[in-house]
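Undergrad: Structure provided below as C-alpha cells; questions to follow.
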Amino acid sequence: MSRFSPKFLAFYSTTFALVVILFSMVSTFGETRLTAPPPIEGHYRVTRSSLPDCLLPNSVGLNLHQSGIYLNASFSQMAASTGTTQAFEPTVKTDHPATLIGRWHTPNLVLVGQVLPAYLHAKRGMTHSETTICSGNAPISVKLQATLQQKVLQGSLELGSPPIKIDFLAERQAVAQKVPDH
C-alpha cells in the first residue's frame, strides 16, 4: 500500500484549494467594502451662538480624539496664539477636563458624558434654564449630537436633567506649533 493514496491527495488538494479561494474572497470583500472612517481628530472652536455664558467664559474648544469609530472629547478654554488668528492653543481650565465618549457614524457623531462643576459659573442676567444648568455642585450630563461638514461640526448639546437643548457650531482649528528653545 502506498503512502500517498489518490484519495489522500484528492482530499488535501481540495481542502487546500478551498482555503485559498475563501481567503481570496474574504480579502477582496475587505478591500472593497470595509474602509476606515475619515479622520476628524482635532481641536474645534465652539461658536458663541446660543450657549449659556457660564459655558463660554471666553472661548471654549472641543478637543476630539479618535480611534477608528470611537471618540473621546473634552472641553477646554482656547487662547489665541500670537502671530496668527487661525491657530489656537487649548489650555485646560482644570485638572479634570470634562470627558465625553461616543461613536462616529459618518457624517454624524454622538458623544455623552458629564461636565464637571469647575467648568460652570453662574452669572447675572441668565434665563431660568441657564441658571439651572450653571448653578449647583453636581456634574451636569451632556449629550452632544453633531454632523461634520468639511471642517465644521453643527449640532446640538443637551445639558442637564431634564435636558435643555442648545444648538452650536464648532470649526476645526489649526493647532499652534510650539517652537523649541535653543
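The way I read the labels, and the way they are meant: chains A, B, ... in the order of the C-alpha cells, residue 1 as the first residue of every chain, and ligand 1 as the first ligand shown, with later ones counted on from there.
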Skipping near chain neighbours, those fewer than 2 positions away, what residues fall within 9 Å of Ser156 (chain A) using only C-alpha atoms, listed as a compact mmCIF listing (two decimals) with C-alpha atoms, in the first residue's frame?

TA:
```txt
# COMPACT_ATOMS: atom_id res chain seq x y z
CA LYS A 143 -25.14 64.75 25.13
CA LEU A 144 -23.54 66.16 22.01
CA GLN A 145 -25.01 65.27 18.60
CA ALA A 146 -23.40 66.79 15.54
CA GLN A 154 -23.01 71.59 13.50
CA GLU A 158 -28.39 68.52 25.58
CA LYS A 165 -31.28 71.52 24.02
CA ILE A 166 -28.82 74.13 22.74
CA ASP A 167 -27.63 74.44 19.14
CA PHE A 168 -23.94 75.04 18.46
CA LEU A 169 -21.38 75.38 15.69
```

Undergrad: Excluding Thr35 (chain A) and its own-chain neighbours fewer than 5 positions away, which residues fall within 12 Å of it when counting only C-alpha atoms? Please give them as a ChimeraX atom specification.

TA: /A:29-30,68-69,106

Undergrad: Take the selection from the previous step and output its residues with C-alpha atoms, as a JSON list (two decimals), in the first residue's frame.

TA:
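Below you can see again_30.json, which holds the result:
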```json
[["chain", "number", "residue", "atom", "x", "y", "z"],
["A", 29, "PHE", "CA", -14.53, 41.82, 0.20],
["A", 30, "GLY", "CA", -12.47, 43.57, 2.90],
["A", 68, "GLY", "CA", -11.37, 54.32, 14.42],
["A", 69, "ILE", "CA", -15.07, 54.95, 15.01],
["A", 106, "THR", "CA", -20.03, 59.16, 9.04]]
```

Undergrad: So how many Å separate CA of Ile101 (chain A) and CA of Ala36 (chain A), to one decimal?

TA: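 Separation of CA of Ile101 (chain A) and CA of Ala36 (chain A): 19.1 Å.
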
Undergrad: With only C-alpha atoms as the basis for distance, which of A:Tyr12, A:Val110, A:Pro38, A:Arg33 is at the shortest distance from Leu71 (chain A)?

TA: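 The closest residue to Leu71 (chain A) is A:Val110.
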
Undergrad: So which residues touch Gln66 (chain A) within 10 Å, counting only C-alpha atoms, skipping near sequence neighbours fewer than 2 positions away, as a list in words?

TA: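 Listed by chain and then number, they are Pro37, Pro38, Pro39, Ile40, Glu41, Gly42, Leu64, Gly68, Ile69, Tyr70, Leu71, Asn72, Ala73, Gly102, Arg103 and Trp104 of chain A.
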
Undergrad: Convert the current residue selection to file output with C-alpha atoms, as a PDB file, in the first residue's frame.

TA:
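After the write, out-v8.pdb holds the following:
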```pdb
ATOM      1  CA  PRO A  37     -13.605  56.282   8.776  1.00  0.00           C
ATOM      2  CA  PRO A  38     -12.138  59.640   7.779  1.00  0.00           C
ATOM      3  CA  PRO A  39     -10.013  61.338  10.447  1.00  0.00           C
ATOM      4  CA  ILE A  40     -11.860  64.010  12.435  1.00  0.00           C
ATOM      5  CA  GLU A  41      -9.480  64.273  15.374  1.00  0.00           C
ATOM      6  CA  GLY A  42      -8.550  67.818  16.254  1.00  0.00           C
ATOM      7  CA  LEU A  64     -11.710  65.369  19.768  1.00  0.00           C
ATOM      8  CA  GLY A  68     -11.373  54.323  14.417  1.00  0.00           C
ATOM      9  CA  ILE A  69     -15.072  54.947  15.014  1.00  0.00           C
ATOM     10  CA  TYR A  70     -14.647  55.561  18.753  1.00  0.00           C
ATOM     11  CA  LEU A  71     -14.295  59.118  20.033  1.00  0.00           C
ATOM     12  CA  ASN A  72     -13.206  60.818  23.229  1.00  0.00           C
ATOM     13  CA  ALA A  73     -13.681  64.521  23.698  1.00  0.00           C
ATOM     14  CA  GLY A 102     -19.053  58.264  21.806  1.00  0.00           C
ATOM     15  CA  ARG A 103     -19.039  56.901  18.280  1.00  0.00           C
ATOM     16  CA  TRP A 104     -18.510  58.299  14.801  1.00  0.00           C
TER      17      TRP A 104
END
```

Undergrad: What is the distance, in Å and to one decimal place, between CA of Ile140 (chain A) and CA of Gly160 (chain A)?

TA: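 Distance between the two atoms: 5.1 Å.
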
Undergrad: How many Å separate CA of Phe75 (chain A) from CA of Gly61 (chain A)?

TA: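 Going from CA of Phe75 (chain A) over to CA of Gly61 (chain A), I get 5.6 Å.
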